[in-house]
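With PDB, C-alpha atoms and all ligand atoms inside, this is model37.pdb:
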ATOM      1  CA  MET D   1     -16.356 177.739 -39.899  1.00  0.00           C
ATOM      2  CA  SER D   2     -13.946 178.398 -37.088  1.00  0.00           C
ATOM      3  CA  ILE D   3     -11.044 176.669 -35.448  1.00  0.00           C
ATOM      4  CA  HIS D   4      -9.926 177.040 -31.873  1.00  0.00           C
ATOM      5  CA  CYS D   5      -6.419 177.823 -30.815  1.00  0.00           C
ATOM      6  CA  SER D   6      -4.652 178.222 -27.512  1.00  0.00           C
ATOM      7  CA  ILE D   7      -2.745 181.156 -26.051  1.00  0.00           C
ATOM      8  CA  TYR D   8      -0.394 181.412 -23.109  1.00  0.00           C
ATOM      9  CA  LYS D   9      -2.444 182.482 -20.135  1.00  0.00           C
ATOM     10  CA  ASN D  10      -0.195 185.400 -19.303  1.00  0.00           C
ATOM     11  CA  ASP D  11       0.713 186.354 -22.840  1.00  0.00           C
ATOM     12  CA  LEU D  12      -1.931 187.702 -25.137  1.00  0.00           C
ATOM     13  CA  SER D  13       0.124 187.313 -28.272  1.00  0.00           C
ATOM     14  CA  ILE D  14      -1.341 184.650 -30.454  1.00  0.00           C
ATOM     15  CA  LEU D  15       0.655 181.550 -31.081  1.00  0.00           C
ATOM     16  CA  LEU D  16      -0.523 180.365 -34.410  1.00  0.00           C
ATOM     17  CA  ILE D  17       2.876 180.603 -35.985  1.00  0.00           C
ATOM     18  CA  PRO D  18       3.395 177.885 -38.563  1.00  0.00           C
ATOM     19  CA  ALA D  19       6.057 175.345 -37.690  1.00  0.00           C
ATOM     20  CA  LYS D  20       8.070 176.372 -40.735  1.00  0.00           C
ATOM     21  CA  ILE D  21       8.957 180.044 -40.863  1.00  0.00           C
ATOM     22  CA  PRO D  22      10.578 181.182 -44.101  1.00  0.00           C
ATOM     23  CA  LEU D  23      14.219 182.097 -43.569  1.00  0.00           C
ATOM     24  CA  MET D  24      14.778 184.159 -46.705  1.00  0.00           C
ATOM     25  CA  HIS D  25      13.830 187.398 -45.004  1.00  0.00           C
ATOM     26  CA  THR D  26      17.180 188.732 -43.795  1.00  0.00           C
ATOM     27  CA  SER D  27      19.122 191.921 -44.436  1.00  0.00           C
ATOM     28  CA  GLY D  28      22.633 192.482 -43.113  1.00  0.00           C
ATOM     29  CA  SER D  29      22.575 190.886 -39.694  1.00  0.00           C
ATOM     30  CA  LEU D  30      18.865 191.593 -39.239  1.00  0.00           C
ATOM     31  CA  LYS D  31      16.161 188.962 -39.057  1.00  0.00           C
ATOM     32  CA  ILE D  32      12.475 189.285 -38.313  1.00  0.00           C
ATOM     33  CA  VAL D  33      11.485 188.350 -34.762  1.00  0.00           C
ATOM     34  CA  HIS D  34       8.258 186.336 -34.551  1.00  0.00           C
ATOM     35  CA  ALA D  35       5.652 186.202 -31.774  1.00  0.00           C
ATOM     36  CA  PRO D  36       5.789 185.049 -29.008  1.00  0.00           C
ATOM     37  CA  ASP D  37       9.466 186.110 -28.803  1.00  0.00           C
ATOM     38  CA  PRO D  38       9.894 188.325 -25.675  1.00  0.00           C
ATOM     39  CA  ARG D  39      11.919 190.828 -27.733  1.00  0.00           C
ATOM     40  CA  LEU D  40       8.568 191.962 -29.166  1.00  0.00           C
ATOM     41  CA  ARG D  41       7.548 192.954 -25.622  1.00  0.00           C
ATOM     42  CA  VAL D  42      10.359 195.434 -25.040  1.00  0.00           C
ATOM     43  CA  GLN D  43       9.419 199.003 -24.120  1.00  0.00           C
ATOM     44  CA  THR D  44      11.893 200.874 -26.302  1.00  0.00           C
ATOM     45  CA  LYS D  45      14.075 203.805 -25.202  1.00  0.00           C
ATOM     46  CA  PRO D  46      14.352 207.139 -27.052  1.00  0.00           C
ATOM     47  CA  VAL D  47      17.154 207.489 -29.587  1.00  0.00           C
ATOM     48  CA  LYS D  48      19.643 209.946 -28.066  1.00  0.00           C
ATOM     49  CA  LYS D  49      22.032 210.233 -30.962  1.00  0.00           C
ATOM     50  CA  ILE D  50      21.747 209.364 -34.623  1.00  0.00           C
ATOM     51  CA  THR D  51      24.774 207.143 -35.068  1.00  0.00           C
ATOM     52  CA  LEU D  52      26.157 205.383 -38.104  1.00  0.00           C
ATOM     53  CA  ALA D  53      24.949 202.118 -36.566  1.00  0.00           C
ATOM     54  CA  LEU D  54      21.399 203.507 -36.394  1.00  0.00           C
ATOM     55  CA  LEU D  55      21.526 204.705 -40.006  1.00  0.00           C
ATOM     56  CA  GLN D  56      22.759 201.268 -41.083  1.00  0.00           C
ATOM     57  CA  ALA D  57      19.939 199.593 -39.121  1.00  0.00           C
ATOM     58  CA  LEU D  58      17.358 201.840 -40.803  1.00  0.00           C
ATOM     59  CA  LYS D  59      18.786 201.028 -44.218  1.00  0.00           C
ATOM     60  CA  ASP D  60      18.820 197.291 -43.477  1.00  0.00           C
ATOM     61  CA  MET D  61      15.272 197.424 -42.101  1.00  0.00           C
ATOM     62  CA  ILE D  62      13.975 199.052 -45.294  1.00  0.00           C
ATOM     63  CA  LYS D  63      15.772 196.415 -47.358  1.00  0.00           C
ATOM     64  CA  LEU D  64      14.406 193.650 -45.154  1.00  0.00           C
ATOM     65  CA  THR D  65      10.827 194.957 -45.309  1.00  0.00           C
ATOM     66  CA  LYS D  66      11.057 195.103 -49.104  1.00  0.00           C
ATOM     67  CA  THR D  67      11.788 191.359 -49.207  1.00  0.00           C
ATOM     68  CA  PHE D  68       8.157 190.799 -48.147  1.00  0.00           C
ATOM     69  CA  LYS D  69       6.211 190.833 -51.388  1.00  0.00           C
ATOM     70  CA  ASP D  70       3.077 188.844 -50.644  1.00  0.00           C
ATOM     71  CA  PRO D  71       1.784 190.215 -48.427  1.00  0.00           C
ATOM     72  CA  GLU D  72       3.825 193.352 -48.993  1.00  0.00           C
ATOM     73  CA  GLY D  73       5.811 194.789 -46.100  1.00  0.00           C
ATOM     74  CA  VAL D  74       4.678 198.316 -45.304  1.00  0.00           C
ATOM     75  CA  GLY D  75       6.422 198.963 -42.011  1.00  0.00           C
ATOM     76  CA  LEU D  76       8.922 197.474 -39.574  1.00  0.00           C
ATOM     77  CA  ALA D  77       9.678 198.561 -36.006  1.00  0.00           C
ATOM     78  CA  ALA D  78      12.970 198.216 -34.104  1.00  0.00           C
ATOM     79  CA  THR D  79      11.546 195.548 -31.769  1.00  0.00           C
ATOM     80  CA  GLN D  80      10.751 193.368 -34.788  1.00  0.00           C
ATOM     81  CA  VAL D  81      14.462 192.967 -35.465  1.00  0.00           C
ATOM     82  CA  GLY D  82      15.430 192.717 -31.786  1.00  0.00           C
ATOM     83  CA  LEU D  83      16.503 196.361 -31.344  1.00  0.00           C
ATOM     84  CA  LYS D  84      15.479 198.400 -28.327  1.00  0.00           C
ATOM     85  CA  GLU D  85      15.301 202.028 -29.389  1.00  0.00           C
ATOM     86  CA  ARG D  86      12.348 204.070 -30.653  1.00  0.00           C
ATOM     87  CA  PHE D  87      12.460 203.981 -34.412  1.00  0.00           C
ATOM     88  CA  PHE D  88      10.745 202.330 -37.337  1.00  0.00           C
ATOM     89  CA  VAL D  89      10.628 202.380 -41.116  1.00  0.00           C
ATOM     90  CA  ALA D  90       7.342 202.629 -42.977  1.00  0.00           C
ATOM     91  CA  ARG D  91       5.562 203.686 -46.123  1.00  0.00           C
ATOM     92  CA  LEU D  92       3.949 206.899 -44.888  1.00  0.00           C
ATOM     93  CA  HIS D  93       3.964 209.213 -47.864  1.00  0.00           C
ATOM     94  CA  ASP D  94       1.000 211.446 -48.121  1.00  0.00           C
ATOM     95  CA  SER D  95      -1.615 209.059 -49.316  1.00  0.00           C
ATOM     96  CA  LYS D  96      -5.070 209.584 -47.902  1.00  0.00           C
ATOM     97  CA  LYS D  97      -6.144 206.134 -49.004  1.00  0.00           C
ATOM     98  CA  ILE D  98      -8.554 204.446 -46.643  1.00  0.00           C
ATOM     99  CA  PRO D  99      -7.316 201.140 -45.238  1.00  0.00           C
ATOM    100  CA  PRO D 100      -9.180 197.874 -45.817  1.00  0.00           C
ATOM    101  CA  SER D 101     -11.845 196.995 -43.261  1.00  0.00           C
ATOM    102  CA  ASN D 102     -12.299 193.354 -44.254  1.00  0.00           C
ATOM    103  CA  PRO D 103     -10.444 190.622 -46.152  1.00  0.00           C
ATOM    104  CA  SER D 104     -12.208 191.274 -49.451  1.00  0.00           C
ATOM    105  CA  GLN D 105     -10.970 194.880 -49.557  1.00  0.00           C
ATOM    106  CA  ARG D 106      -7.351 194.089 -48.806  1.00  0.00           C
ATOM    107  CA  ALA D 107      -5.961 193.703 -52.315  1.00  0.00           C
ATOM    108  CA  SER D 108      -7.747 196.704 -53.824  1.00  0.00           C
ATOM    109  CA  ARG D 109      -7.000 199.104 -50.956  1.00  0.00           C
ATOM    110  CA  TRP D 110      -3.278 198.374 -51.165  1.00  0.00           C
ATOM    111  CA  ALA D 111      -3.121 198.535 -54.941  1.00  0.00           C
ATOM    112  CA  ASN D 112      -0.873 201.392 -56.122  1.00  0.00           C
ATOM    113  CA  TYR D 113      -0.044 202.472 -52.597  1.00  0.00           C
ATOM    114  CA  ASP D 114       3.206 204.477 -52.476  1.00  0.00           C
ATOM    115  CA  LYS D 115       6.218 202.158 -52.124  1.00  0.00           C
ATOM    116  CA  GLU D 116       8.715 204.655 -50.739  1.00  0.00           C
ATOM    117  CA  PHE D 117       9.895 204.125 -47.175  1.00  0.00           C
ATOM    118  CA  MET D 118      10.482 206.768 -44.541  1.00  0.00           C
ATOM    119  CA  ALA D 119      12.753 206.498 -41.488  1.00  0.00           C
ATOM    120  CA  VAL D 120      10.914 207.525 -38.328  1.00  0.00           C
ATOM    121  CA  ILE D 121      12.956 208.215 -35.186  1.00  0.00           C
ATOM    122  CA  ASN D 122      11.469 209.013 -31.755  1.00  0.00           C
ATOM    123  CA  PRO D 123       7.863 209.041 -32.968  1.00  0.00           C
ATOM    124  CA  ASN D 124       5.146 210.673 -30.901  1.00  0.00           C
ATOM    125  CA  ILE D 125       1.424 210.741 -31.487  1.00  0.00           C
ATOM    126  CA  LEU D 126       0.397 214.253 -30.436  1.00  0.00           C
ATOM    127  CA  SER D 127      -3.357 213.859 -30.943  1.00  0.00           C
ATOM    128  CA  PHE D 128      -5.917 211.391 -32.257  1.00  0.00           C
ATOM    129  CA  SER D 129      -9.026 212.080 -34.319  1.00  0.00           C
ATOM    130  CA  LYS D 130     -12.335 211.279 -32.673  1.00  0.00           C
ATOM    131  CA  ASN D 131     -13.239 209.294 -35.751  1.00  0.00           C
ATOM    132  CA  THR D 132     -12.186 205.688 -35.640  1.00  0.00           C
ATOM    133  CA  LYS D 133     -12.476 202.849 -38.089  1.00  0.00           C
ATOM    134  CA  VAL D 134     -12.055 199.087 -37.993  1.00  0.00           C
ATOM    135  CA  TYR D 135      -9.175 197.903 -40.163  1.00  0.00           C
ATOM    136  CA  PHE D 136      -8.190 194.466 -41.429  1.00  0.00           C
ATOM    137  CA  GLU D 137      -4.649 194.212 -40.101  1.00  0.00           C
ATOM    138  CA  GLY D 138      -1.671 191.898 -40.161  1.00  0.00           C
ATOM    139  CA  CYS D 139       1.957 191.960 -38.987  1.00  0.00           C
ATOM    140  CA  LEU D 140       5.250 190.580 -40.320  1.00  0.00           C
ATOM    141  CA  SER D 141       5.957 189.206 -36.810  1.00  0.00           C
ATOM    142  CA  ILE D 142       2.735 187.156 -36.780  1.00  0.00           C
ATOM    143  CA  PRO D 143       2.688 185.461 -40.194  1.00  0.00           C
ATOM    144  CA  ASN D 144      -0.621 184.317 -41.684  1.00  0.00           C
ATOM    145  CA  ILE D 145      -2.767 185.745 -38.873  1.00  0.00           C
ATOM    146  CA  TRP D 146      -4.961 188.753 -39.440  1.00  0.00           C
ATOM    147  CA  GLY D 147      -7.505 190.568 -37.353  1.00  0.00           C
ATOM    148  CA  LYS D 148      -9.881 193.476 -37.153  1.00  0.00           C
ATOM    149  CA  VAL D 149      -8.571 196.410 -35.120  1.00  0.00           C
ATOM    150  CA  ARG D 150     -10.287 199.717 -34.398  1.00  0.00           C
ATOM    151  CA  ARG D 151      -7.892 202.627 -34.823  1.00  0.00           C
ATOM    152  CA  HIS D 152      -8.043 206.394 -35.231  1.00  0.00           C
ATOM    153  CA  LEU D 153      -8.652 207.574 -38.764  1.00  0.00           C
ATOM    154  CA  SER D 154      -6.302 210.522 -38.434  1.00  0.00           C
ATOM    155  CA  ILE D 155      -3.455 211.475 -36.074  1.00  0.00           C
ATOM    156  CA  LYS D 156      -1.052 214.373 -35.551  1.00  0.00           C
ATOM    157  CA  VAL D 157       2.486 213.134 -35.134  1.00  0.00           C
ATOM    158  CA  SER D 158       6.029 214.305 -34.581  1.00  0.00           C
ATOM    159  CA  PHE D 159       9.257 212.468 -35.211  1.00  0.00           C
ATOM    160  CA  GLN D 160      12.838 212.967 -36.370  1.00  0.00           C
ATOM    161  CA  ASP D 161      14.088 212.017 -39.781  1.00  0.00           C
ATOM    162  CA  GLU D 162      17.490 210.358 -40.301  1.00  0.00           C
ATOM    163  CA  GLU D 163      19.189 213.777 -40.310  1.00  0.00           C
ATOM    164  CA  GLY D 164      17.680 214.635 -36.948  1.00  0.00           C
ATOM    165  CA  ASN D 165      15.170 217.189 -38.308  1.00  0.00           C
ATOM    166  CA  LEU D 166      11.977 217.415 -36.272  1.00  0.00           C
ATOM    167  CA  ILE D 167       8.966 216.722 -38.502  1.00  0.00           C
ATOM    168  CA  LYS D 168       5.365 217.417 -37.537  1.00  0.00           C
ATOM    169  CA  LYS D 169       2.498 216.294 -39.698  1.00  0.00           C
ATOM    170  CA  THR D 170      -1.061 215.086 -39.831  1.00  0.00           C
ATOM    171  CA  LEU D 171      -1.553 211.583 -41.180  1.00  0.00           C
ATOM    172  CA  ILE D 172      -4.831 210.296 -42.555  1.00  0.00           C
ATOM    173  CA  GLY D 173      -5.949 206.849 -43.677  1.00  0.00           C
ATOM    174  CA  ILE D 174      -3.300 204.226 -44.430  1.00  0.00           C
ATOM    175  CA  PRO D 175      -0.287 206.254 -43.156  1.00  0.00           C
ATOM    176  CA  ALA D 176      -2.097 207.037 -39.873  1.00  0.00           C
ATOM    177  CA  TRP D 177      -2.982 203.379 -39.486  1.00  0.00           C
ATOM    178  CA  ILE D 178       0.596 202.169 -40.108  1.00  0.00           C
ATOM    179  CA  PHE D 179       2.028 204.787 -37.721  1.00  0.00           C
ATOM    180  CA  GLN D 180      -0.284 203.620 -34.900  1.00  0.00           C
ATOM    181  CA  HIS D 181       0.664 199.970 -35.502  1.00  0.00           C
ATOM    182  CA  GLU D 182       4.423 200.752 -35.453  1.00  0.00           C
ATOM    183  CA  VAL D 183       4.252 202.981 -32.337  1.00  0.00           C
ATOM    184  CA  ASN D 184       2.435 200.109 -30.608  1.00  0.00           C
ATOM    185  CA  HIS D 185       5.415 197.868 -31.489  1.00  0.00           C
ATOM    186  CA  LEU D 186       7.804 200.364 -29.852  1.00  0.00           C
ATOM    187  CA  ASP D 187       5.691 200.073 -26.689  1.00  0.00           C
ATOM    188  CA  GLY D 188       5.834 196.267 -26.844  1.00  0.00           C
ATOM    189  CA  ILE D 189       2.234 195.913 -28.039  1.00  0.00           C
ATOM    190  CA  LEU D 190       1.164 193.617 -30.887  1.00  0.00           C
ATOM    191  CA  PHE D 191      -1.943 194.112 -33.015  1.00  0.00           C
ATOM    192  CA  SER D 192      -3.243 190.750 -31.773  1.00  0.00           C
ATOM    193  CA  GLU D 193      -3.628 192.235 -28.282  1.00  0.00           C
ATOM    194  CA  LYS D 194      -5.731 195.033 -29.720  1.00  0.00           C
ATOM    195  CA  VAL D 195      -7.942 192.487 -31.466  1.00  0.00           C
ATOM    196  CA  LEU D 196      -8.366 190.559 -28.210  1.00  0.00           C
ATOM    197  CA  ALA D 197      -8.994 193.671 -26.105  1.00  0.00           C
ATOM    198  CA  GLN D 198     -11.546 194.960 -28.602  1.00  0.00           C
ATOM    199  CA  LYS D 199     -13.103 191.505 -28.981  1.00  0.00           C
ATOM    200  CA  GLY D 200     -12.434 191.762 -32.699  1.00  0.00           C
ATOM    201  CA  GLN D 201     -12.403 188.960 -35.245  1.00  0.00           C
ATOM    202  CA  PHE D 202      -9.243 186.975 -36.036  1.00  0.00           C
ATOM    203  CA  TYR D 203      -8.563 185.409 -39.427  1.00  0.00           C
ATOM    204  CA  LYS D 204      -6.102 182.856 -40.734  1.00  0.00           C
ATOM    205  CA  PHE D 205      -4.700 183.056 -44.249  1.00  0.00           C
ATOM    206  CA  THR D 206      -5.714 179.850 -46.000  1.00  0.00           C
ATOM    207  CA  GLY D 207      -4.102 180.249 -49.421  1.00  0.00           C
ATOM    208  CA  LYS D 208      -5.163 181.545 -52.787  1.00  0.00           C
ATOM    209  CA  ASP D 209      -8.225 180.705 -54.831  1.00  0.00           C
ATOM    210  CA  LYS D 210      -8.131 179.840 -58.544  1.00  0.00           C
ATOM    211  CA  ALA D 211      -8.132 183.528 -59.461  1.00  0.00           C
ATOM    212  CA  GLY D 212      -5.075 184.072 -57.248  1.00  0.00           C
ATOM    213  CA  THR D 213      -7.014 185.999 -54.617  1.00  0.00           C
ATOM    214  CA  ASP D 214      -6.003 185.517 -50.981  1.00  0.00           C
ATOM    215  CA  THR D 215      -8.498 183.566 -48.915  1.00  0.00           C
ATOM    216  CA  PHE D 216      -9.028 183.805 -45.164  1.00  0.00           C
ATOM    217  CA  GLU D 217     -10.880 181.797 -42.574  1.00  0.00           C
ATOM    218  CA  GLU D 218     -12.405 183.282 -39.453  1.00  0.00           C
ATOM    219  CA  ILE D 219     -10.817 181.816 -36.349  1.00  0.00           C
ATOM    220  CA  THR D 220     -11.640 181.932 -32.648  1.00  0.00           C
ATOM    221  CA  ILE D 221      -8.903 182.558 -30.100  1.00  0.00           C
TER
HETATM  222 ZN    ZN U   1       3.666 194.695 -36.938  1.00  0.00          ZN
END

Show this structure as structure tokens.
Amino acid sequence: MSIHCSIYKNDLSILLIPAKIPLMHTSGSLKIVHAPDPRLRVQTKPVKKITLALLQALKDMIKLTKTFKDPEGVGLAATQVGLKERFFVARLHDSKKIPPSNPSQRASRWANYDKEFMAVINPNILSFSKNTKVYFEGCLSIPNIWGKVRRHLSIKVSFQDEEGNLIKKTLIGIPAWIFQHEVNHLDGILFSEKVLAQKGQFYKFTGKDKAGTDTFEEITI
């Protein structure tokens, strides 16, 4: 079964945001920005100096992301709280767990995934693996909408930590996937555009079944 939805002709972000957006997700002065807000389209600028204001924003973003329990928040980019510099927070610790490829794998693939957040400043993706995989993806800025996105299984990255140290590492599986999603945000790109460009499948969260398992419905955009 599928339902049809409309999009702005010149804006590929999907507009299936429920009329009521929960307001409990705030930290400090930060609030999540939801599509189709133009602040999600900003091409961010490099961080030139690690200031106290930046450190406070990183701390608040981690706190804010942790308020998302179901589904769990795993990453949050500056644009998602209306900021315009290149940084994000995410759970990137060295898990090699393979991300879910479809709705039925979502719960098990995230089970026991490392909960610790990392601050990532001025991220760069230095190289991409040839191997790609289709992942079942969502975003805190597009509540209740999910989609299948093909991404690189492994990437080599560089970034600065909150002390300004330059870190280089290879990410595989879930951390590589999250990093690609967050870098897209810093370039003003939402996962929904990837789904559309790749002609992937969209899904809408439809609630929980009797066993408490999330249920999804395929939708056509
Ligand atoms: Zn996102």

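Here the PyMOL selection byres (((not hetatm)) within 8 of (chain U and resi 1)) matches the residues Gly75, Leu76, Ala77, Gln80, Gly138, Cys139, Leu140, Ser141, Ile142, His181, Glu182, His185, Leu190 and Phe191 of chain D.
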
On this structure, the PyMOL selection byres (((chain D and resi 63) around 12) and not hetatm) would catch which residues? List them as a VMD selection string, sorted by chain and number.
chain D and resid 25 to 32 56 to 62 64 to 69 73 to 76 89 to 90 116 to 118

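Taking all atoms listed in the file into account, His93 (chain D) lies nearest to D:Lys169 out of the set D:Lys169, D:Arg109, D:Lys45, D:Arg150.
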
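If you apply the PyMOL selection byres (((chain D and resi 173) around 9) and not hetatm) to this structure, you end up with Ser95, Lys96, Lys97, Ile98, Pro99, His152, Leu153, Ser154, Leu171, Ile172, Ile174, Pro175, Ala176, Trp177 and Ile178 of chain D.
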
CA of Thr79 (chain D) to CA of Gln201 (chain D) measures 25.1 Å

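Among D:Glu162, D:Ser127, D:Asp94, D:Lys133, the residue with the shortest atom-to-atom distance to Ile50 (chain D), counting only C-alpha atoms, is D:Glu162.
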
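With all atoms listed in the file as the atoms that count, the residue of D:Asp70, D:Glu217, D:Val81, D:Lys130 with the shortest distance to Ala107 (chain D) is D:Asp70.
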
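Each of D:Lys168, D:Lys208, D:Lys199, D:Lys148 was compared to Val120 (chain D) using all atoms listed in the file, and D:Lys168 turns out to be the nearest.
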
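Of the listed residues D:Arg91, D:Gln160, D:Pro103, D:Phe136, the one whose atoms come nearest to Lys48 (chain D) is D:Gln160, with distances taken using all atoms listed in the file.
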
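From CA of Gly147 (chain D) back to CA of Ala211 (chain D), the distance works out to 23.2 Å.
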
- Task: Mind listing whatever residues come within 10 Å of the point (16.0, 206.7, -28.5)? Use only C-alpha atoms, file coordinates, and give them as a PyMOL selection string.
- Result: chain D and resi 44-50+84-87+121-123

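Taking all atoms listed in the file into account, Lys204 (chain D) lies nearest to D:Ile145 out of the set D:Ile125, D:Ile145, D:Leu186, D:Leu92.
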
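Between CA of Lys156 (chain D) and CA of Leu126 (chain D) the interatomic distance comes to 5.3 Å.
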
task = Starting from the point (-10.4, 185.8, -28.5), work out which residues of protein, DNA or RNA have an atom no more than 6 Å away when counting all atoms listed in the file; state them as a ChimeraX atom specification.
result = /D:196,220-221

Could you dump the residues just selected with C-alpha atoms as a JSON list (two decimals), keeping the file's coordinate frame?
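Dumped to part.json:
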[["chain", "number", "residue", "atom", "x", "y", "z"],
["D", 196, "LEU", "CA", -8.37, 190.56, -28.21],
["D", 220, "THR", "CA", -11.64, 181.93, -32.65],
["D", 221, "ILE", "CA", -8.90, 182.56, -30.10]]
